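Shown next: protein19.txt, containing compact mmCIF, C-alpha atoms and all ligand atoms.
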# COMPACT_ATOMS: atom_id res chain seq x y z
CA MET A 1006 2.06 64.85 23.95
CA THR A 1007 3.47 68.02 25.38
CA ASP A 1008 5.35 70.43 23.14
CA ALA A 1009 8.36 71.53 25.20
CA ALA A 1010 8.65 74.89 23.47
CA GLU A 1011 4.98 75.71 24.08
CA LEU A 1012 5.29 74.60 27.69
CA ASP A 1013 8.38 76.80 28.11
CA ARG A 1014 6.46 79.73 26.59
CA ILE A 1015 3.61 79.24 29.08
CA LEU A 1016 5.99 79.01 32.03
CA ALA A 1017 7.88 82.10 30.89
CA ALA A 1018 4.63 84.05 30.54
CA HIS A 1019 3.90 83.42 34.22
CA ALA A 1020 7.44 83.74 35.55
CA GLY A 1021 7.70 85.75 38.74
CA ARG A 1022 3.94 86.03 39.26
CA GLU A 1023 2.45 85.09 42.60
CA GLY A 1024 -0.24 82.44 42.63
CA SER A 1025 0.55 81.34 39.11
CA LEU A 1026 0.00 77.60 39.52
CA LEU A 1027 -3.68 77.59 38.57
CA PRO A 1028 -3.25 80.01 35.64
CA ILE A 1029 -0.36 77.87 34.37
CA LEU A 1030 -2.42 74.70 34.67
CA HIS A 1031 -5.29 76.34 32.79
CA ASP A 1032 -2.94 77.49 30.04
CA VAL A 1033 -1.32 74.08 29.78
CA GLN A 1034 -4.66 72.34 29.51
CA ALA A 1035 -5.87 74.89 26.96
CA ALA A 1036 -2.75 74.32 24.88
CA PHE A 1037 -2.48 70.54 25.11
CA GLY A 1038 -5.91 69.36 26.23
CA PHE A 1039 -4.54 67.86 29.43
CA VAL A 1040 -1.76 68.22 31.98
CA SER A 1041 0.84 65.56 31.31
CA GLU A 1042 3.39 64.16 33.76
CA ASP A 1043 6.07 66.02 31.79
CA ALA A 1044 4.14 69.24 32.32
CA VAL A 1045 3.71 68.54 36.04
CA ARG A 1046 7.46 68.01 36.33
CA ALA A 1047 8.29 71.22 34.44
CA ILE A 1048 5.74 73.28 36.35
CA ALA A 1049 7.00 71.98 39.68
CA GLU A 1050 10.56 72.83 38.74
CA SER A 1051 9.58 76.27 37.47
CA LEU A 1052 7.62 77.16 40.63
CA ASN A 1053 10.02 75.46 43.04
CA LEU A 1054 7.28 73.10 44.18
CA SER A 1055 7.31 69.35 44.54
CA ARG A 1056 5.66 67.25 41.85
CA ALA A 1057 3.29 66.01 44.56
CA GLU A 1058 2.15 69.57 45.26
CA VAL A 1059 1.42 70.22 41.60
CA HIS A 1060 -0.22 66.84 41.18
CA GLY A 1061 -2.33 67.52 44.28
CA VAL A 1062 -3.78 70.64 42.68
CA VAL A 1063 -4.35 68.89 39.34
CA SER A 1064 -6.18 66.03 41.02
CA PHE A 1065 -8.19 68.30 43.34
CA TYR A 1066 -9.88 70.20 40.49
CA HIS A 1067 -11.65 67.70 38.30
CA ASP A 1068 -11.64 70.12 35.37
CA PHE A 1069 -7.97 69.28 34.92
CA ARG A 1070 -7.24 66.18 32.88
CA THR A 1071 -4.17 64.00 33.13
CA ALA A 1072 -4.75 62.20 29.83
CA PRO A 1073 -6.02 63.27 26.43
CA VAL A 1074 -9.75 63.00 25.75
CA ASP A 1075 -10.69 61.05 22.65
CA ARG A 1076 -14.00 62.84 22.02
CA PRO A 1077 -15.33 66.38 22.29
CA VAL A 1078 -16.58 67.13 25.81
CA VAL A 1079 -20.04 68.51 26.59
CA LYS A 1080 -20.38 69.69 30.17
CA LEU A 1081 -24.03 69.32 31.01
CA CYS A 1082 -25.40 71.24 33.99
CA ARG A 1083 -27.40 68.96 36.23
CA ALA A 1084 -27.93 71.31 39.16
CA GLU A 1085 -31.37 72.15 40.53
CA SER A 1086 -32.53 74.84 38.10
CA CYS A 1087 -31.47 72.90 35.04
CA GLN A 1088 -33.04 69.78 36.52
CA ALA A 1089 -36.31 71.69 36.94
CA ARG A 1090 -36.04 72.72 33.30
CA GLY A 1091 -35.66 69.17 32.03
CA VAL A 1092 -31.96 68.44 31.80
CA GLU A 1093 -32.40 64.83 32.90
CA ALA A 1094 -34.60 64.08 29.89
CA LEU A 1095 -31.93 65.63 27.68
CA ALA A 1096 -29.17 63.67 29.39
CA ALA A 1097 -31.04 60.46 28.74
CA ARG A 1098 -30.78 61.20 25.00
CA LEU A 1099 -26.98 61.13 25.11
CA PRO A 1100 -25.51 57.63 24.86
CA ALA A 1101 -22.65 56.84 27.23
CA ASN A 1102 -20.29 55.93 24.39
CA GLY A 1103 -21.61 58.34 21.79
CA PRO A 1104 -19.72 60.85 19.67
CA VAL A 1105 -19.26 63.23 22.62
CA LYS A 1106 -18.11 62.72 26.17
CA VAL A 1107 -20.73 64.03 28.56
CA GLU A 1108 -19.53 65.40 31.88
CA THR A 1109 -21.75 66.64 34.67
CA VAL A 1110 -21.26 70.09 36.12
CA TYR A 1111 -23.25 71.77 38.84
CA CYS A 1112 -24.33 75.24 37.79
CA LEU A 1113 -22.89 77.32 35.01
CA GLY A 1114 -24.29 80.52 36.48
CA LEU A 1115 -27.08 80.95 33.96
CA CYS A 1116 -29.84 79.19 35.85
CA SER A 1117 -32.68 81.28 34.45
CA VAL A 1118 -31.98 80.19 30.87
CA GLY A 1119 -31.38 76.47 31.41
CA PRO A 1120 -30.99 73.73 30.70
CA ASN A 1121 -27.42 74.65 29.88
CA ALA A 1122 -24.29 72.99 28.64
CA MET A 1123 -20.75 74.18 28.08
CA VAL A 1124 -18.43 73.23 25.24
CA GLY A 1125 -14.96 74.66 25.58
CA GLU A 1126 -15.48 78.21 26.80
CA THR A 1127 -18.95 78.57 25.24
CA VAL A 1128 -22.18 78.13 27.17
CA HIS A 1129 -25.17 76.83 25.24
CA ALA A 1130 -28.40 77.94 26.91
CA ARG A 1131 -32.06 77.07 26.60
CA LEU A 1132 -31.25 73.60 25.35
CA ASP A 1133 -33.99 71.36 24.07
CA ALA A 1134 -33.74 68.04 22.27
CA ALA A 1135 -33.26 69.66 18.86
CA LYS A 1136 -30.61 72.12 20.05
CA LEU A 1137 -28.74 69.39 21.89
CA ALA A 1138 -28.84 67.12 18.84
CA ALA A 1139 -27.55 69.96 16.66
CA LEU A 1140 -24.77 70.72 19.14
CA VAL A 1141 -23.68 67.07 19.26
CA GLY A 1142 -23.89 66.91 15.46
CA GLU A 1143 -21.57 69.90 15.14
CA LEU A 1144 -19.05 68.35 17.50
CA ALA A 1145 -19.10 64.80 16.13
S1 LIG B 1201 -28.50 75.20 37.58
FE1 LIG B 1201 -27.81 74.98 35.55
S2 LIG B 1201 -26.88 76.89 35.18
FE2 LIG B 1201 -27.41 77.04 37.26

This entry written out as structure tokens:
Amino acid sequence: MTDAAELDRILAAHAGREGSLLPILHDVQAAFGFVSEDAVRAIAESLNLSRAEVHGVVSFYHDFRTAPVDRPVVKLCRAESCQARGVEALAARLPANGPVKVETVYCLGLCSVGPNAMVGETVHARLDAAKLAALVGELA
């Protein structure tokens, strides 16, 4: 569900700025949790782009969602450094249909303190089984 007034506020905040498509998409997703078809249509109209152009950007970056997520999302880093620090054993502890949705990312930029995960805008470093269980417990 997209709140038209909030969407209008976001579009107005970026009006006249160059290269505003990605910032708008980030703001829309932050506000609504995903980028709806209504939002794509309004963004395209606001930026004088086609809906296909906006949709192309949304679909290119897999951080953008086109539907609401029914569970909290944990982005688990499974790149080399976090793998070397045991992320795969941690990942195996998270059931596929558990209380959180686990998404794989490749490097959160804090390789020396992995394994790492990101929830919202917060990075959780030095994860072990207990920390991961506590994190999931907080989110569930
Ligand atoms: S490899 Fe995981 S944060 Fe860089």

Point to revise | stretch 1086-1103 of chain A environment, 6 Å, all atoms listed in the file, sequence neighbours closer than 4 positions dropped, as an MDAnalysis selection string | key: chainID A and resid 1116 1119:1120

Exercise for review: Quick one: everything within 8 Å of A:Tyr1111, counting only C-alpha atoms, minus sequence neighbours fewer than 3 positions away in the same chain. Send it as JSON, numbers by chain.
Suggested key: {"A": [1082, 1083, 1084]}

**Study point:** Exercise: A:Glu1050 partners within 10 Å, only C-alpha atoms, chain neighbours under 6 positions left out, as a list in words
**Key:**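 Selected residues are Ala1044, Arg1056 and Val1059 of chain A.
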
Around ligand LIG 1201 (chain B), fit a box with edges along x, y and z, padding it by 4 Å on each side, then list its centre and edge lengths in Å to one decimal as AutoDock Vina command-line options.
--center_x -27.7 --center_y 76.0 --center_z 36.4 --size_x 9.6 --size_y 10.1 --size_z 10.4

Exercise for review: Do a neighbour search on A:Val1045 at 12 Å with all atoms listed in the file, toss out local chain neighbours closer than 5 positions, and write the hits as a list in words.
Suggested key: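 The contact residues come out as Thr1007, Leu1012, Leu1016, Leu1026, Leu1027, Ile1029, Leu1030, Val1033, Gln1034, Phe1039, Val1040, Glu1050, Ser1051, Leu1052, Asn1053, Leu1054, Ser1055, Arg1056, Ala1057, Glu1058, Val1059, His1060, Gly1061, Val1062, Val1063, Ser1064, Phe1069, Arg1070 and Thr1071 of chain A.
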
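Proximity of A:His1031, A:Leu1081, A:Gly1038, A:Ala1009 to A:Tyr1066, computed with only C-alpha atoms, is greatest for A:His1031.
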
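If all atoms listed in the file are the atoms counted, then among A:Val1079, A:Ala1072, A:Ala1010, A:Leu1137 the closest residue to A:Glu1042 is A:Ala1072.
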
**Study point:** Using only C-alpha atoms and all ligand atoms: which of A:Arg1046, A:Lys1136, A:Arg1022, A:Lys1080 has the shortest distance to ligand LIG 1201 (chain B)
**Key:**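 Answer, going by the shortest atom-to-atom distance: A:Lys1080.
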
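Shortest separation to ligand LIG 1201 (chain B) among A:Ala1047, A:Glu1126, A:Gly1114, A:Pro1073 occurs at residue A:Gly1114, atoms counted being only C-alpha atoms and all ligand atoms.
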
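The space separating atom CA of A:Val1141 from atom CA of A:Pro1104 comes to 7.4 Å.
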
Review point. When you draw a straight line from atom CA of A:Ser1025 to atom CA of A:Ala1049, how long is it in Å?
Key: 11.4 Å

Review point. Of the candidates A:Ala1017, A:Val1107, A:Ala1138, A:Leu1132, which one gets nearest to ligand LIG 1201 (chain B) if we count all atoms listed in the file?
Key: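 Closest residue, counting all atoms listed in the file: A:Leu1132.
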
Revision key, fill the gap. Atom pair atom CA of A:Gly1125 + atom FE2 of ligand LIG 1201 (chain B), distance 17.2 Å

Review point. For ligand LIG 1201 (chain B), which residue out of A:Met1123, A:Ile1048, A:Leu1115, A:Ala1134 is the nearest one, using all atoms listed in the file?
Key: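 Of A:Met1123, A:Ile1048, A:Leu1115, A:Ala1134, the one nearest ligand LIG 1201 (chain B) is A:Leu1115, counting all atoms listed in the file.
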